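Single-structure report; data block below.
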Amino acid sequence: MFEPAEKAVQAALDAGATYADARMLSTRTESISVQNGRVEELERAESAGVGVRALIGSSWGFYATADVDDAALRTAGESAADIARASARVPGKPIELADVGVTEDSYVTPHDEAPLEVPTTEKVDMLVGVTETMQAVDGVALARAAFQAWDTEKWFVSSQGHRIHQHIVESGGGMDATALGESETQRRSFPQSFGQYETGGYETVRRWDYPGNAQRIAEEAVALLSADECPEGETTLILEASQLALQIHESVGHAIELDRILGWEAAFAGTSHLELPKLGTHKYGSPLMNITADATLAGALGTFGYDDEGTPAQRVPIVDEGIWVGVLSGRDSAHIAGLPPGGMVRGDGFNRLPMVRMTNVGLLPGDSSLEEIISETKDGIYMSTNRSWSIDDKRLNFQFGCEIAWEVKDGKLGRMLRNPTYTGITPRFWAELDMLAGGDEWVHWGTPNCGKGQPMQVAHTGHSAAPGRFATVRVGVKG
Amino acid sequence: MTQPLEIATRLVEMVGDRAEAEAQVGSGVEALTRFANSFIHQNVAEDTPAVGLKLAVDGKVASGTTNRTDDESLSRLVEETLEAASLQPVDPEWPGLTPPSDVPDVDHWDQATADADPDARAAVVEQFVAAGPGMRAAGYCDTAAMRVAFANSAGHAVEGRTTRATVDGIHQTDESAGSAHQTGGSIGMLDGAAAGSLAAERAKMGMNAYDIKPGDYEVVLSPECAATILTFLAFYGFNGKAVIEGQSFVDLGKQQFDETVEVWDDATGDGSIGLPFDLEGTPKGRVDLIAGGVSKSVVHDRRTAKAAGVESTGHSIPGSATYGAFPSDMVMGDGDESPDDMIAAVDRGLYVATFNYCRILDPKSQVVTGLTRNGTFMIENGKITGAVTNMRFTQSFVEALGPGRVLGLGNDRRFGDGEFGAGLVRAPSLRLASWHFTGGAEG
């Protein structure tokens, strides 16, 4: 199946491209959503096509087609080159690519149970069952559960000689219960807000034990309606691991994208508070803060064999004992910065131009535990599970809402609190990190809905995290 | 490629009498020219069809999609969707198929836009960039031309087409940025130089910005901000599914907004660029959401319409089975004041060019947090006196437009670039009595 990509690349070169690559993709997905015991949607989707990227001067030209006959592939390659050439009307400095080894290889996501081969009835029955369990709790109005899996075959070819086949398998899902009050709603989710997704098969869904957690989250949703409001002020904040994972995604993962730092995303996603000359010296957080971008983590959602430029998956240090030391990069951006390419360029399907995306940007574990963190906190709030997230275009000024919180007094969890929020400024917030749970509580959380780019692209990213404590944070922001 | 209506009809024929069937087929070219640091760096186009099929086998429902239109792929789509449906429990709320019905005779099509090549988009970008000498420009110009067809086994078959073009971008100094946006049904409507000039002017005005204390401020909001407000009100509120589930703030017949607020959805009116039918083939028309500040109606697809005991309003979109129907051609009633008139009426307040990264804290209270971006200006004694740094707000959008809170509506209604994308909302500038800012640039 390398042939369609080879033909598209050759057509782009014949049309004047100085470099070209192409990806032939074939993707199958299954999506099931259930509400209150009824299947709302069951959809199977397949797509296939070729996206070809041509470099001329200062611009990439990209063309995608679902037709894979010879004429369509030639047109696609030629169109990519023509589009790149038209960019010369508003030119910049020529793009150059950092060197990577030319590879012929294949990679398959390790998985036990191919998710699309597991009987649909089994998946539907499990989802219907957990919604019925949640709905049986008095006061629950909406009980929802969902499953989604992607099975993607990619064949990558470059004009430099890459020939790489990958078979990526991703699975996941989640459930939530909603209770309705007079003037507000309260929701609890499991395993995390919007579900938990990983590379691997259906075994990743089984591992989370939805049935064993359905009643608990339903009861918590109802209890939240009568809980006290999260107080306003500054206090010690303990974050549950999935919320800390989203904190990493938003306030570190996007900020370290080299395309943002270079201004390529300035109009839409934004730029970054980070400046390249400060790489290696900028203080990002406390000495407990050690962040890596690791595309090799078994089972994490941002794991693969090669990125969409043929660069091997790798582990790149990002923050070392609180000091910023690394970025997320591709071949073009790395060349400008004078850095080795990090293998972090991916496209959303065959029909999107590959761009810098997070792999698995995670916070390495500490040596404490959630139990110990709580026991050593005299006065604070423990917040769990994201409900809302917002951050500015430089990734500095953020505000998060969580589904649930508990007061912490004299080393013990106290009353439940509703509508918890916290806000801060990125480096100041991370400087407050003073306790971090260890490897036993370290989870590869997955984010399946990271938006970036124009046209919009959605990426699947991973963020490993354990619970952590921040000494002083502003909480309880009110509308 | 074969015409979309032929493919949709062929799919329904392939299903035959084995199931109730509805098919949607879209095809066309979407192209986007993107620039940053004042040069074009990413330039893309795609020509990929989208084929969707929904089947109900004795009330058991499943869907499938593909982007292949050859007979083998279409046959596989039919057989696999039939198999998936057969494995389902019976859906007691299956609303059945749209009966044969006429759709409005509208054709939002501009051939020059459908034919636009990379040079045409680059020319718009060139004008935008040139309008800000010495500044760094970033943004995009895109064109889209889509043909869409629908057919079902009840004998309903319709087709439509639409074109759209957008230029959107910023100019940046070392310390500030200003934005501008234009969307229309044709590339000929785009004026890259005017958009670039506005962005450059706002960037210059944004220099020497200073911090101010958070709190409640009177505001004048651009059509971009108004578009974001309306998309949140629609997605979480004027949504039949959200109302049925009890998650919406909407209380039909009640004066929930200022009496000057008028909002409707209409894919068929002047200036619209929408299709005359929805994903279920239901014809579209005008739906009044807010009239005289009173919540008048919400939008439905066939499923929520059946549950509510009303007719579908024709607002089924991809994902509406889960998220509910959405009005994608909203219009807000305008006023007779220019933005300058509105600013002149403010003793002390803020002008906001765009909102950024808005997220809802709770759908029922419509409390949303977000930030200002690309132009936040202090208004004192009726004049803009300087720029302030970006602010975070935490504000109920329903309360912001509540009775007595809307002090002015602009005469500048146009497509605004809201949080959900371009081409969905036409809105004027708004002058509002109060907006709750909860943090400055430094927290």
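Note on naming: chains are A, B, ... as they come in the structure tokens, residues start from 1 per chain, ligands start from 1 in the order shown.
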Q. Out of range 18-181 of chain B, which residues get alpha helix (DSSP H) from DSSP, as a PyMOL selection string?
A. chain B and resi 71-86+111-114+118-130
Per residue of range 81-180 of chain A within 12 Å of range 443-448 of chain A, which atom pair is closest and at what distance in Å (one decimal), using only C-alpha atoms, listed by chain and increasing number, as JSON lines?
```
{"residue": "A:Gln148", "atom": "CA", "partner": "A:Pro448", "partner_atom": "CA", "distance": 10.1}
{"residue": "A:Ala149", "atom": "CA", "partner": "A:Pro448", "partner_atom": "CA", "distance": 10.7}
{"residue": "A:Trp150", "atom": "CA", "partner": "A:Pro448", "partner_atom": "CA", "distance": 10.9}
{"residue": "A:Glu170", "atom": "CA", "partner": "A:Pro448", "partner_atom": "CA", "distance": 9.8}
{"residue": "A:Ser171", "atom": "CA", "partner": "A:Pro448", "partner_atom": "CA", "distance": 10.1}
{"residue": "A:Gly172", "atom": "CA", "partner": "A:Gly446", "partner_atom": "CA", "distance": 9.0}
{"residue": "A:Gly173", "atom": "CA", "partner": "A:Pro448", "partner_atom": "CA", "distance": 10.1}
{"residue": "A:Gly174", "atom": "CA", "partner": "A:Gly446", "partner_atom": "CA", "distance": 11.7}
```
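Residue nearest Gln255 in chain B within the list B:Val398, B:Ala242, B:Met391, B:Leu53: B:Val398 [criterion: smallest interatomic distance, only C-alpha atoms].
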Q: Measuring atom to atom with only C-alpha atoms, identify which of B:Val158, B:Ala130, B:Leu424, B:Ala144 is nearest to Thr9 in chain B.
A: B:Val158
Give me the residues within 10 Å of Val51 in chain B as a short mmCIF file (atom, residue, chain, number, x, y, z; two decimals) with C-alpha atoms, in the first residue's frame, counting only C-alpha atoms and dropping any in the same chain fewer than 3 places off.
```cif
data_model
loop_
_atom_site.label_atom_id
_atom_site.label_comp_id
_atom_site.auth_asym_id
_atom_site.auth_seq_id
_atom_site.Cartn_x
_atom_site.Cartn_y
_atom_site.Cartn_z
CA ALA A 45 -17.10 5.06 10.03
CA SER A 47 -12.24 6.76 5.57
CA PRO B 4 -24.22 13.74 -4.66
CA ILE B 7 -25.08 8.64 -4.77
CA ALA B 8 -27.64 9.31 -2.06
CA LEU B 11 -27.55 4.12 -1.42
CA ALA B 23 -28.52 9.06 3.10
CA GLN B 24 -26.57 12.31 3.07
CA VAL B 25 -23.77 13.05 0.61
CA GLY B 26 -21.54 16.10 0.57
CA SER B 27 -18.78 16.95 -1.86
CA THR B 48 -13.03 14.63 -0.26
CA GLY B 64 -22.29 4.61 9.10
CA THR B 65 -20.06 6.94 7.16
CA THR B 66 -17.45 6.64 4.44
CA ASN B 67 -15.55 8.91 2.10
CA ARG B 68 -15.50 6.39 -0.75
CA THR B 69 -18.14 6.50 -3.46
CA LEU B 74 -21.11 1.90 -0.80
CA LEU B 77 -21.40 0.73 4.04
CA VAL B 148 -25.03 18.46 -0.42
CA ALA B 149 -27.78 15.94 -1.19
#
```
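Counting from CA of Ala199 in chain B, the distance to CA of Ser179 in chain B is 4.4 Å.
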Q. Expressed in Å to a single decimal, how great is the separation between CA of Ala193 in chain B and CA of Phe128 in chain B?
A. 4.9 Å
Q: Kindly indicate which residue among B:Asn239, B:Ser176, B:Gln42, B:Thr369 lies nearest to Ala305 in chain B, using only C-alpha atoms for the distances.
A: B:Asn239
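For Ser248 in chain B, the non-local neighbours within 10 Å, defined as residues at least 5 positions apart in the same chain or in other chains and counting only C-alpha atoms, are Ser183, Glu184 and Thr185 of chain A; Leu233, Ala234, Phe235, Tyr236, Gly237, Phe238, Asn239, Gly240, Lys241, Ala242, Val243, Asp362, Pro363, Lys364, Ser365 and Gln366 of chain B.
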Only C-alpha atoms, please: the residues just picked out, written as a PDB file, in the first residue's frame.
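Final file, again33.pdb:
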```pdb
ATOM      1  CA  SER A 183     -30.651  26.907  38.926  1.00  0.00           C
ATOM      2  CA  GLU A 184     -27.658  24.663  38.239  1.00  0.00           C
ATOM      3  CA  THR A 185     -26.597  21.191  37.223  1.00  0.00           C
TER       4      THR A 185
ATOM      5  CA  LEU B 233     -26.972  30.685  24.282  1.00  0.00           C
ATOM      6  CA  ALA B 234     -27.955  28.480  21.353  1.00  0.00           C
ATOM      7  CA  PHE B 235     -25.809  25.415  22.018  1.00  0.00           C
ATOM      8  CA  TYR B 236     -26.645  25.164  25.718  1.00  0.00           C
ATOM      9  CA  GLY B 237     -30.018  26.874  25.784  1.00  0.00           C
ATOM     10  CA  PHE B 238     -32.131  27.165  22.633  1.00  0.00           C
ATOM     11  CA  ASN B 239     -31.592  23.470  22.061  1.00  0.00           C
ATOM     12  CA  GLY B 240     -34.585  21.164  22.230  1.00  0.00           C
ATOM     13  CA  LYS B 241     -32.578  18.309  23.726  1.00  0.00           C
ATOM     14  CA  ALA B 242     -31.171  20.491  26.514  1.00  0.00           C
ATOM     15  CA  VAL B 243     -34.687  21.749  27.308  1.00  0.00           C
ATOM     16  CA  ASP B 362     -22.679  25.472  34.110  1.00  0.00           C
ATOM     17  CA  PRO B 363     -25.199  25.250  31.238  1.00  0.00           C
ATOM     18  CA  LYS B 364     -28.221  26.169  33.306  1.00  0.00           C
ATOM     19  CA  SER B 365     -26.808  29.368  34.755  1.00  0.00           C
ATOM     20  CA  GLN B 366     -24.882  30.095  31.524  1.00  0.00           C
TER      21      GLN B 366
END
```
Q) as a PyMOL selection string, which residues of range 248-437 of chain B does DSSP assign to strand (DSSP E or B)? A) chain B and resi 255+263-265+277+283+287-291+294-295+299+330-332+337+348-362+367-380+383-388+392-396+406-410+414-418+421-427+430-437
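In this structure, CA of Thr98 in chain B sits 19.7 Å away from CA of Val78 in chain B.
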(Q) I want to know what sits within 12 Å of Asn390 in chain B, based on only C-alpha atoms, with residues of the same chain fewer than 3 positions away left out; could you give that as a ChimeraX atom specification? (A) /A:391-394,396-397 /B:175-177,206,209-214,350-356,370-378,387,393,437-443
(Q) Which residue is closest to chain A? Choose from B:Arg359, B:Arg302, B:Arg18, B:His156 and count only C-alpha atoms. (A) B:Arg359
